[in-house]
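J.: Provided herewith: run_20.cif, mmCIF, C-alpha atoms and all ligand atoms.
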```
data_start
#
loop_
_atom_site.group_PDB
_atom_site.id
_atom_site.type_symbol
_atom_site.label_atom_id
_atom_site.label_comp_id
_atom_site.auth_asym_id
_atom_site.auth_seq_id
_atom_site.Cartn_x
_atom_site.Cartn_y
_atom_site.Cartn_z
ATOM 1 C CA MET E 1 8.874 23.603 -51.345
ATOM 2 C CA ASP E 2 6.068 26.041 -50.735
ATOM 3 C CA ARG E 3 5.619 27.693 -47.383
ATOM 4 C CA ARG E 4 2.697 25.512 -46.265
ATOM 5 C CA LYS E 5 4.618 22.321 -46.912
ATOM 6 C CA PHE E 6 7.588 23.684 -45.026
ATOM 7 C CA ILE E 7 5.426 24.537 -42.034
ATOM 8 C CA ASN E 8 3.886 21.057 -42.165
ATOM 9 C CA CYS E 9 7.395 19.665 -41.942
ATOM 10 C CA LEU E 10 8.031 21.769 -38.886
ATOM 11 C CA VAL E 11 4.923 20.788 -36.995
ATOM 12 C CA SER E 12 4.991 17.072 -37.798
ATOM 13 C CA ALA E 13 8.380 16.582 -36.220
ATOM 14 C CA THR E 14 9.000 13.232 -34.594
ATOM 15 C CA ALA E 15 11.693 12.684 -32.013
ATOM 16 C CA GLY E 16 14.130 9.926 -32.806
ATOM 17 C CA SER E 17 14.132 10.269 -36.590
ATOM 18 C CA THR E 18 17.426 9.661 -38.264
ATOM 19 C CA ALA E 19 18.554 11.599 -41.300
ATOM 20 C CA ALA E 20 16.684 14.644 -40.075
ATOM 21 C CA ILE E 21 17.479 18.305 -40.387
ATOM 22 C CA PRO E 22 18.088 20.095 -37.076
ATOM 23 C CA THR E 23 15.442 22.594 -36.174
ATOM 24 C CA LEU E 24 14.641 24.889 -33.326
ATOM 25 C CA GLY E 25 13.583 24.646 -29.705
ATOM 26 C CA ALA E 26 9.887 24.566 -28.959
ATOM 27 C CA GLN E 27 9.784 28.005 -27.352
ATOM 28 C CA THR E 28 10.902 29.743 -30.511
ATOM 29 C CA GLU E 29 8.945 27.566 -32.898
ATOM 30 C CA ALA E 30 5.829 29.693 -33.070
ATOM 31 C CA ALA E 31 7.786 32.880 -33.687
ATOM 32 C CA SER E 32 9.883 31.262 -36.351
ATOM 33 C CA ARG E 33 6.901 29.863 -38.227
ATOM 34 C CA SER E 34 5.838 33.417 -38.944
ATOM 35 C CA ARG E 35 9.184 34.545 -40.311
ATOM 36 C CA GLY E 36 11.032 31.373 -41.372
ATOM 37 C CA LEU E 37 13.983 29.753 -39.659
ATOM 38 C CA ARG E 38 17.197 31.697 -39.233
ATOM 39 C CA VAL E 39 20.235 29.469 -39.346
ATOM 40 C CA VAL E 40 23.786 30.553 -38.526
ATOM 41 C CA CYS E 41 26.859 28.418 -39.193
ATOM 42 C CA VAL E 42 30.098 29.286 -37.387
ATOM 43 C CA GLY E 43 33.361 28.187 -39.004
ATOM 44 C CA ALA E 44 36.940 29.068 -38.145
ATOM 45 C CA HIS E 45 38.298 29.325 -41.682
ATOM 46 C CA PRO E 46 36.976 29.663 -45.209
ATOM 47 C CA ASP E 47 36.006 26.108 -46.359
ATOM 48 C CA ASP E 48 35.211 24.750 -42.849
ATOM 49 C CA PRO E 49 31.444 25.431 -42.995
ATOM 50 C CA GLU E 50 31.230 24.145 -46.563
ATOM 51 C CA SER E 51 33.140 20.914 -46.014
ATOM 52 C CA GLY E 52 31.676 20.356 -42.536
ATOM 53 C CA CYS E 53 27.975 20.888 -43.129
ATOM 54 C CA GLY E 54 27.526 22.366 -46.608
ATOM 55 C CA GLY E 55 24.947 19.739 -47.509
ATOM 56 C CA THR E 56 22.771 20.723 -44.569
ATOM 57 C CA LEU E 57 23.225 24.452 -45.221
ATOM 58 C CA ARG E 58 22.043 23.937 -48.781
ATOM 59 C CA LEU E 59 18.955 22.034 -47.604
ATOM 60 C CA TYR E 60 18.067 24.829 -45.216
ATOM 61 C CA ALA E 61 18.470 27.368 -48.028
ATOM 62 C CA GLU E 62 16.256 25.276 -50.320
ATOM 63 C CA GLN E 63 13.570 25.297 -47.627
ATOM 64 C CA GLY E 64 13.526 29.078 -47.629
ATOM 65 C CA CYS E 65 15.460 29.556 -44.399
ATOM 66 C CA LYS E 66 17.690 32.580 -43.960
ATOM 67 C CA VAL E 67 21.157 31.053 -43.671
ATOM 68 C CA THR E 68 24.255 33.036 -42.702
ATOM 69 C CA VAL E 69 27.787 31.662 -42.535
ATOM 70 C CA VAL E 70 30.048 33.377 -39.996
ATOM 71 C CA TYR E 71 33.731 32.920 -40.796
ATOM 72 C CA LEU E 72 35.784 33.628 -37.688
ATOM 73 C CA THR E 73 38.818 34.482 -39.866
ATOM 74 C CA ARG E 74 39.555 35.160 -43.515
ATOM 75 C CA GLY E 75 42.159 32.387 -43.739
ATOM 76 C CA GLU E 76 45.110 34.763 -43.473
ATOM 77 C CA ALA E 77 47.587 31.943 -42.810
ATOM 78 C CA GLY E 78 46.231 29.609 -45.435
ATOM 79 C CA ILE E 79 48.232 30.234 -48.607
ATOM 80 C CA ARG E 80 51.932 29.407 -48.531
ATOM 81 C CA GLY E 81 54.140 32.146 -49.940
ATOM 82 C CA ARG E 82 51.429 34.814 -49.733
ATOM 83 C CA SER E 83 51.160 37.605 -47.214
ATOM 84 C CA ALA E 84 48.299 37.591 -44.728
ATOM 85 C CA THR E 85 46.620 40.403 -46.654
ATOM 86 C CA GLU E 86 46.965 38.656 -50.001
ATOM 87 C CA ALA E 87 45.678 35.375 -48.606
ATOM 88 C CA ALA E 88 42.744 37.089 -46.908
ATOM 89 C CA THR E 89 41.783 38.817 -50.154
ATOM 90 C CA THR E 90 41.905 35.612 -52.179
ATOM 91 C CA ARG E 91 40.096 33.551 -49.591
ATOM 92 C CA SER E 92 37.413 36.166 -48.939
ATOM 93 C CA ALA E 93 36.566 36.045 -52.641
ATOM 94 C CA GLU E 94 36.416 32.250 -52.433
ATOM 95 C CA CYS E 95 33.967 32.551 -49.520
ATOM 96 C CA GLU E 96 31.780 34.803 -51.639
ATOM 97 C CA ALA E 97 31.771 32.280 -54.486
ATOM 98 C CA ALA E 98 31.147 29.308 -52.189
ATOM 99 C CA CYS E 99 28.220 30.973 -50.439
ATOM 100 C CA GLN E 100 26.697 31.905 -53.783
ATOM 101 C CA VAL E 101 26.808 28.243 -54.766
ATOM 102 C CA LEU E 102 25.076 27.262 -51.515
ATOM 103 C CA GLY E 103 22.580 30.118 -51.737
ATOM 104 C CA VAL E 104 23.499 31.527 -48.321
ATOM 105 C CA GLU E 105 24.788 34.800 -46.918
ATOM 106 C CA HIS E 106 28.062 35.272 -45.079
ATOM 107 C CA THR E 107 29.986 37.600 -42.809
ATOM 108 C CA PHE E 108 33.382 37.712 -41.111
ATOM 109 C CA ALA E 109 34.008 37.929 -37.374
ATOM 110 C CA GLY E 110 37.346 39.727 -37.646
ATOM 111 C CA GLN E 111 39.792 37.325 -35.986
ATOM 112 C CA ILE E 112 43.085 36.220 -37.541
ATOM 113 C CA ASP E 113 43.813 32.718 -38.864
ATOM 114 C CA GLY E 114 46.305 30.946 -36.588
ATOM 115 C CA ALA E 115 45.968 33.540 -33.851
ATOM 116 C CA THR E 116 42.338 33.294 -32.767
ATOM 117 C CA GLU E 117 41.510 34.147 -29.175
ATOM 118 C CA ILE E 118 38.802 33.471 -26.642
ATOM 119 C CA THR E 119 38.978 36.219 -24.043
ATOM 120 C CA PRO E 120 36.087 37.907 -22.220
ATOM 121 C CA GLU E 121 36.206 40.740 -24.751
ATOM 122 C CA ARG E 122 36.358 38.416 -27.771
ATOM 123 C CA ALA E 123 33.531 36.305 -26.351
ATOM 124 C CA SER E 124 31.417 39.416 -25.814
ATOM 125 C CA ASP E 125 32.071 40.709 -29.345
ATOM 126 C CA PHE E 126 31.211 37.350 -30.851
ATOM 127 C CA ALA E 127 28.008 37.075 -28.831
ATOM 128 C CA LYS E 128 26.948 40.525 -30.059
ATOM 129 C CA LEU E 129 27.494 39.431 -33.651
ATOM 130 C CA LEU E 130 25.410 36.289 -33.164
ATOM 131 C CA ILE E 131 22.627 38.165 -31.361
ATOM 132 C CA LYS E 132 22.309 40.518 -34.342
ATOM 133 C CA LEU E 133 21.687 37.528 -36.588
ATOM 134 C CA THR E 134 18.816 36.320 -34.297
ATOM 135 C CA PRO E 135 19.427 32.630 -35.010
ATOM 136 C CA ASP E 136 16.950 29.863 -34.275
ATOM 137 C CA VAL E 137 19.596 27.256 -35.078
ATOM 138 C CA VAL E 138 23.367 27.563 -34.697
ATOM 139 C CA LEU E 139 25.747 25.061 -36.287
ATOM 140 C CA ALA E 140 29.320 25.313 -34.981
ATOM 141 C CA HIS E 141 32.609 23.428 -34.826
ATOM 142 C CA TRP E 142 32.729 20.616 -32.284
ATOM 143 C CA PRO E 143 34.997 22.170 -29.637
ATOM 144 C CA LEU E 144 37.274 19.131 -29.236
ATOM 145 C CA ASP E 145 39.511 19.666 -32.244
ATOM 146 C CA ALA E 146 43.218 19.380 -32.909
ATOM 147 C CA HIS E 147 43.193 22.770 -34.649
ATOM 148 C CA ALA E 148 43.073 25.540 -32.044
ATOM 149 C CA ASP E 149 41.099 27.878 -34.323
ATOM 150 C CA HIS E 150 38.352 25.248 -34.708
ATOM 151 C CA ALA E 151 38.212 24.665 -30.958
ATOM 152 C CA ILE E 152 38.016 28.408 -30.304
ATOM 153 C CA ALA E 153 35.280 28.923 -32.903
ATOM 154 C CA GLY E 154 33.230 26.144 -31.301
ATOM 155 C CA ASN E 155 33.742 27.539 -27.826
ATOM 156 C CA LEU E 156 32.879 31.088 -28.872
ATOM 157 C CA ALA E 157 29.583 29.828 -30.301
ATOM 158 C CA LEU E 158 28.945 27.735 -27.193
ATOM 159 C CA ARG E 159 29.635 30.659 -24.832
ATOM 160 C CA ALA E 160 27.415 32.992 -26.863
ATOM 161 C CA CYS E 161 24.509 30.540 -26.917
ATOM 162 C CA LEU E 162 24.785 29.669 -23.225
ATOM 163 C CA SER E 163 25.004 33.260 -22.069
ATOM 164 C CA GLN E 164 22.920 35.191 -24.598
ATOM 165 C CA LEU E 165 20.836 32.850 -26.767
ATOM 166 C CA PRO E 166 19.323 30.241 -24.440
ATOM 167 C CA GLU E 167 16.427 29.467 -26.781
ATOM 168 C CA THR E 168 18.627 28.751 -29.761
ATOM 169 C CA SER E 169 19.191 25.166 -30.848
ATOM 170 C CA LEU E 170 22.922 24.498 -30.985
ATOM 171 C CA TYR E 171 24.427 21.706 -33.049
ATOM 172 C CA PHE E 172 28.109 20.924 -33.522
ATOM 173 C CA PHE E 173 29.506 19.692 -36.846
ATOM 174 C CA GLU E 174 32.705 17.820 -37.663
ATOM 175 C CA VAL E 175 35.578 18.595 -40.019
ATOM 176 C CA TYR E 176 38.250 16.139 -41.140
ATOM 177 C CA THR E 177 37.385 13.678 -38.406
ATOM 178 C CA GLY E 178 40.361 11.601 -37.276
ATOM 179 C CA ARG E 179 42.888 14.348 -37.878
ATOM 180 C CA GLN E 180 41.089 17.447 -36.602
ATOM 181 C CA THR E 181 37.689 16.773 -34.998
ATOM 182 C CA LEU E 182 38.179 14.454 -32.018
ATOM 183 C CA ASN E 183 35.916 12.040 -30.155
ATOM 184 C CA PHE E 184 32.841 13.016 -32.164
ATOM 185 C CA HIS E 185 29.745 10.823 -31.846
ATOM 186 C CA PRO E 186 26.687 12.263 -33.642
ATOM 187 C CA THR E 187 23.296 12.506 -32.014
ATOM 188 C CA ASP E 188 21.577 13.662 -35.229
ATOM 189 C CA TYR E 189 22.010 13.072 -38.931
ATOM 190 C CA VAL E 190 20.954 14.933 -42.057
ATOM 191 C CA ASP E 191 20.437 12.989 -45.267
ATOM 192 C CA ILE E 192 22.389 14.991 -47.864
ATOM 193 C CA HIS E 193 21.980 12.751 -50.921
ATOM 194 C CA SER E 194 20.245 15.585 -52.797
ATOM 195 C CA SER E 195 22.656 18.340 -51.792
ATOM 196 C CA ARG E 196 26.084 16.700 -51.676
ATOM 197 C CA GLU E 197 27.027 17.714 -55.211
ATOM 198 C CA ILE E 198 26.290 21.365 -54.450
ATOM 199 C CA LYS E 199 28.225 20.995 -51.191
ATOM 200 C CA LYS E 200 31.186 19.695 -53.194
ATOM 201 C CA ARG E 201 30.966 22.559 -55.691
ATOM 202 C CA ALA E 202 30.890 25.068 -52.848
ATOM 203 C CA THR E 203 33.906 23.481 -51.192
ATOM 204 C CA PHE E 204 35.800 23.445 -54.488
ATOM 205 C CA ALA E 205 35.224 27.203 -54.753
ATOM 206 C CA HIS E 206 38.089 27.340 -52.248
ATOM 207 C CA ALA E 207 40.581 26.581 -55.007
ATOM 208 C CA SER E 208 43.542 28.033 -53.092
ATOM 209 C CA GLN E 209 43.183 25.144 -50.611
ATOM 210 C CA ASN E 210 43.600 22.371 -53.203
ATOM 211 C CA PRO E 211 40.364 20.636 -52.212
ATOM 212 C CA ALA E 212 40.921 17.748 -54.640
ATOM 213 C CA GLU E 213 43.661 16.549 -52.286
ATOM 214 C CA TRP E 214 41.527 16.321 -49.144
ATOM 215 C CA TYR E 215 37.888 16.284 -50.196
ATOM 216 C CA PRO E 216 37.843 12.483 -50.734
ATOM 217 C CA HIS E 217 38.186 12.155 -46.958
ATOM 218 C CA HIS E 218 34.993 14.158 -46.531
ATOM 219 C CA GLU E 219 33.209 11.931 -49.034
ATOM 220 C CA LYS E 220 34.210 8.926 -46.917
ATOM 221 C CA MET E 221 32.834 10.724 -43.860
ATOM 222 C CA GLU E 222 29.528 11.303 -45.700
ATOM 223 C CA GLN E 223 29.337 7.600 -46.530
ATOM 224 C CA PHE E 224 30.215 6.534 -42.988
ATOM 225 C CA ARG E 225 27.660 8.848 -41.380
ATOM 226 C CA GLY E 226 25.158 7.713 -43.994
ATOM 227 C CA ALA E 227 25.773 4.094 -42.981
ATOM 228 C CA GLU E 228 25.174 5.019 -39.347
ATOM 229 C CA ALA E 229 21.918 6.784 -40.265
ATOM 230 C CA GLY E 230 20.652 4.175 -42.733
ATOM 231 C CA VAL E 231 20.958 6.353 -45.842
ATOM 232 C CA SER E 232 23.555 6.694 -48.573
ATOM 233 C CA PHE E 233 25.139 9.992 -47.508
ATOM 234 C CA ALA E 234 24.713 12.025 -44.341
ATOM 235 C CA GLU E 235 26.240 14.734 -42.216
ATOM 236 C CA GLY E 236 26.430 14.072 -38.495
ATOM 237 C CA PHE E 237 25.810 16.542 -35.667
ATOM 238 C CA VAL E 238 26.048 16.589 -31.900
ATOM 239 C CA ARG E 239 23.024 18.313 -30.427
ATOM 240 C CA LEU E 240 23.193 20.363 -27.264
ATOM 241 C CA ALA E 241 19.620 19.823 -26.157
ATOM 242 C CA HIS E 242 19.441 22.096 -23.162
ATOM 243 C CA LEU E 243 20.716 25.633 -23.035
ATOM 244 C CA GLY E 244 19.584 26.673 -19.606
ATOM 245 C CA LYS E 245 15.833 27.211 -20.001
ATOM 246 C CA GLY E 246 14.705 23.669 -20.523
ATOM 247 C CA VAL E 247 14.461 24.013 -24.287
ATOM 248 C CA VAL E 248 14.539 20.624 -25.979
ATOM 249 C CA SER E 249 15.487 20.600 -29.645
ATOM 250 C CA ARG E 250 13.178 18.756 -31.986
ATOM 251 C CA LEU E 251 13.763 17.003 -35.245
ATOM 252 C CA LEU E 252 12.126 17.371 -38.595
ATOM 253 C CA PRO E 253 11.063 14.231 -40.428
ATOM 254 C CA PRO E 254 13.617 12.846 -42.871
ATOM 255 C CA VAL E 255 14.555 15.485 -45.411
ATOM 256 C CA ARG E 256 13.683 13.230 -48.315
ATOM 257 C CA ASN E 257 10.042 13.244 -47.162
ATOM 258 C CA CYS E 258 9.809 17.020 -46.927
ATOM 259 C CA GLY E 259 9.910 17.956 -50.598
HETATM 260 ZN ZN ZN T 1 39.772 25.076 -40.578
#
```
Would you mind writing the file's structure down as structure tokens?

T.:
Amino acid sequence: MDRRKFINCLVSATAGSTAAIPTLGAQTEAASRSRGLRVVCVGAHPDDPESGCGGTLRLYAEQGCKVTVVYLTRGEAGIRGRSATEAATTRSAECEAACQVLGVEHTFAGQIDGATEITPERASDFAKLLIKLTPDVVLAHWPLDAHADHAIAGNLALRACLSQLPETSLYFFEVYTGRQTLNFHPTDYVDIHSSREIKKRATFAHASQNPAEWYPHHEKMEQFRGAEAGVSFAEGFVRLAHLGKGVVSRLLPPVRNCG
């Protein structure tokens, strides 16, 4: 898509669209038109951003947005029989490969898998990291999650946006709903029919996690959210519309009409 078409997508937003790609609050819209959207995705472990909202991340990248994945940890506890250092090395390389597939950048927030914390100091450090990335849109774990690291990642993003980034549009994504993400009812959907294969390839870059065993569950989630949104495959999000300054997030038209 060329830049003019992308801007047309931005300005012709219509509230209430299904299968739309989350965009920014009105107050930051003008500024972002001049430099392109900045999107940040916060995941607890390597493979969470990819499996949770990789289809949406890819669509943002295709539209020329600057997309950065923030991994809270390097997955230190994620490979049985390997030391934390060995696992972190392997999984960091998998992050690199996955983000290359998606066409996005990535960074690590320096916490440890299985031992993540939300303290005033940790919250402050995380907010500083997010502020540096100047996001218009933040996608983060839904904070109600059976995995403590996921819940902490979601809450760190929430605290940072509430306290430091009130004009940022914040959306929560789901991972392994039913076993991890709890009580999740999307407010917004993104049609990912054109990006789901790339999402799958990115997720399968995390070979140490045996994605063939659990990815079929995510494909069922894509189909279920698609059925809710009236398309074949979708990712669902919960939108936090107000972040303290009356900013109301807006929706782009359906992605399939933007190309
Ligand atoms: Zn995880």

J.: Which residues of chain E come within 6 Å of ligand ZN 1 (chain T), and what is each one's closest atom pair and distance in Å (one decimal), counting only C-alpha atoms and all ligand atoms, sorted by chain and residue number, as a tab-separated table?

T.:
```
residue	atom	partner	partner_atom	distance
E:Ala44	CA	T:ZN1	ZN	5.5
E:His45	CA	T:ZN1	ZN	4.6
E:Asp48	CA	T:ZN1	ZN	5.1
```

J.: Generate a file of the selected residues that holds C-alpha atoms, formatted as an mmCIF file, keeping the file's coordinate frame.

T.:
```cif
data_model
loop_
_atom_site.group_PDB
_atom_site.id
_atom_site.type_symbol
_atom_site.label_atom_id
_atom_site.label_comp_id
_atom_site.auth_asym_id
_atom_site.auth_seq_id
_atom_site.Cartn_x
_atom_site.Cartn_y
_atom_site.Cartn_z
ATOM 1 C CA ALA E 44 36.940 29.068 -38.145
ATOM 2 C CA HIS E 45 38.298 29.325 -41.682
ATOM 3 C CA ASP E 48 35.211 24.750 -42.849
#
```

J.: Find the residues around Arg196 (chain E) up to 9 Å (all atoms listed in the file counted), leave out those fewer than 4 positions away in its own chain, and share them as a list in words.

T.: Gly54, Gly55, Thr56, Arg58, Ile192, Lys200, Arg201, Glu219, Glu222, Phe233 and Ala234 of chain E

J.: What does the structure give for the distance between CA of Thr187 (chain E) and CA of Ala123 (chain E), in Å to one decimal?

T.: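 We find that CA of Thr187 (chain E) and CA of Ala123 (chain E) lie 26.5 Å from each other.
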
J.: Under the rule that all atoms listed in the file are counted, which of E:His150, E:Arg239, E:His206, E:Lys199 is the nearest residue to Cys53 (chain E)?

T.: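 Using all atoms listed in the file, the shortest distance to Cys53 (chain E) belongs to E:Lys199.
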
J.: I'd like the interatomic distance between CA of Gln63 (chain E) and CA of Thr181 (chain E), to a tenth of an Å.

T.: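 Between these atoms lies a distance of 28.5 Å.
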
J.: Kindly provide, as lines of an AutoDock Vina configuration file, the centre and edge lengths (Å, one decimal) of an axis-aligned box around all atoms of region 127-139 of chain E given in the file, with 3 Å on each side.

T.:
```
center_x = 22.5
center_y = 32.8
center_z = -32.7
size_x = 17.1
size_y = 21.5
size_z = 13.8
```

J.: I'd like the residues picked by the PyMOL selection byres (((chain E and resi 188) around 7) and not hetatm) written out as a list in words, using the chain letters and numbers from the file.

T.: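 On the file shown, the PyMOL selection byres (((chain E and resi 188) around 7) and not hetatm) covers Thr18, Ala20, Pro186, Thr187, Tyr189, Val190, Gly236, Phe237, Val238 and Arg239 of chain E.
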
J.: From the set E:Ala229, E:Val42, E:Phe224, E:Asn210, which residue has the shortest atom-to-atom contact distance to Phe172 (chain E), counting only C-alpha atoms?

T.: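 Closest to Phe172 (chain E), using only C-alpha atoms: E:Val42.
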
J.: Here's the selection I'm unsure about, the PyMOL selection byres (((chain E and resi 52) around 9) and not hetatm); applied to the file above, which residues does it give, as an MDAnalysis selection string?

T.: chainID E and resid 43 47:51 53:55 141 173:176 218 235

J.: Quick one: distance from CA of His147 (chain E) to CA of Leu59 (chain E) in Å, one decimal?

T.: 27.5 Å

J.: Pull the neighbourhood of (28.2, 30.4, -44.2) for me: all residues within 8 Å in file coordinates, counting all atoms listed in the file, as a PDB file with C-alpha atoms, keeping the file's coordinate frame.

T.:
```pdb
ATOM      1  CA  VAL E  40      23.786  30.553 -38.526  1.00  0.00           C
ATOM      2  CA  CYS E  41      26.859  28.418 -39.193  1.00  0.00           C
ATOM      3  CA  VAL E  42      30.098  29.286 -37.387  1.00  0.00           C
ATOM      4  CA  GLY E  43      33.361  28.187 -39.004  1.00  0.00           C
ATOM      5  CA  PRO E  49      31.444  25.431 -42.995  1.00  0.00           C
ATOM      6  CA  GLU E  50      31.230  24.145 -46.563  1.00  0.00           C
ATOM      7  CA  LEU E  57      23.225  24.452 -45.221  1.00  0.00           C
ATOM      8  CA  VAL E  67      21.157  31.053 -43.671  1.00  0.00           C
ATOM      9  CA  THR E  68      24.255  33.036 -42.702  1.00  0.00           C
ATOM     10  CA  VAL E  69      27.787  31.662 -42.535  1.00  0.00           C
ATOM     11  CA  VAL E  70      30.048  33.377 -39.996  1.00  0.00           C
ATOM     12  CA  TYR E  71      33.731  32.920 -40.796  1.00  0.00           C
ATOM     13  CA  CYS E  99      28.220  30.973 -50.439  1.00  0.00           C
ATOM     14  CA  VAL E 104      23.499  31.527 -48.321  1.00  0.00           C
ATOM     15  CA  GLU E 105      24.788  34.800 -46.918  1.00  0.00           C
ATOM     16  CA  HIS E 106      28.062  35.272 -45.079  1.00  0.00           C
ATOM     17  CA  THR E 107      29.986  37.600 -42.809  1.00  0.00           C
TER      18      THR E 107
END
```

J.: Could you write out as a PyMOL selection string the residues that the PyMOL selection byres (((chain E and resi 135) around 6) and not hetatm) matches in the shown file?

T.: chain E and resi 38-40+133-134+136-137

J.: List as a short mmCIF file (atom, residue, chain, number, x, y, z; two decimals) with C-alpha atoms, in the coordinates of the input the protein and nucleic acid residues near Asp125 (chain E), meaning an atom at most 12 Å away when all atoms listed in the file are counted, but skip any in the same chain fewer than 2 places from it.

T.:
```
data_model
loop_
_atom_site.label_atom_id
_atom_site.label_comp_id
_atom_site.auth_asym_id
_atom_site.auth_seq_id
_atom_site.Cartn_x
_atom_site.Cartn_y
_atom_site.Cartn_z
CA LEU E 72 35.78 33.63 -37.69
CA ALA E 109 34.01 37.93 -37.37
CA GLY E 110 37.35 39.73 -37.65
CA GLN E 111 39.79 37.33 -35.99
CA GLU E 117 41.51 34.15 -29.18
CA ILE E 118 38.80 33.47 -26.64
CA THR E 119 38.98 36.22 -24.04
CA PRO E 120 36.09 37.91 -22.22
CA GLU E 121 36.21 40.74 -24.75
CA ARG E 122 36.36 38.42 -27.77
CA ALA E 123 33.53 36.30 -26.35
CA ALA E 127 28.01 37.08 -28.83
CA LYS E 128 26.95 40.52 -30.06
CA LEU E 129 27.49 39.43 -33.65
CA LEU E 130 25.41 36.29 -33.16
CA ILE E 131 22.63 38.16 -31.36
CA LYS E 132 22.31 40.52 -34.34
CA LEU E 156 32.88 31.09 -28.87
CA ALA E 157 29.58 29.83 -30.30
CA ARG E 159 29.64 30.66 -24.83
CA ALA E 160 27.42 32.99 -26.86
CA GLN E 164 22.92 35.19 -24.60
#
```

J.: Looking at E:Val231, E:Ala205, E:Trp214, E:Thr177, which one is nearest to His193 (chain E), with distances taken over all atoms listed in the file?

T.: E:Val231

J.: Smallest atom-to-atom distance to Leu102 (chain E): which of E:Gln180, E:Thr203, E:Thr85, E:Thr90, using only C-alpha atoms?

T.: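 Ranking E:Gln180, E:Thr203, E:Thr85, E:Thr90 by distance to Leu102 (chain E), first place goes to E:Thr203.
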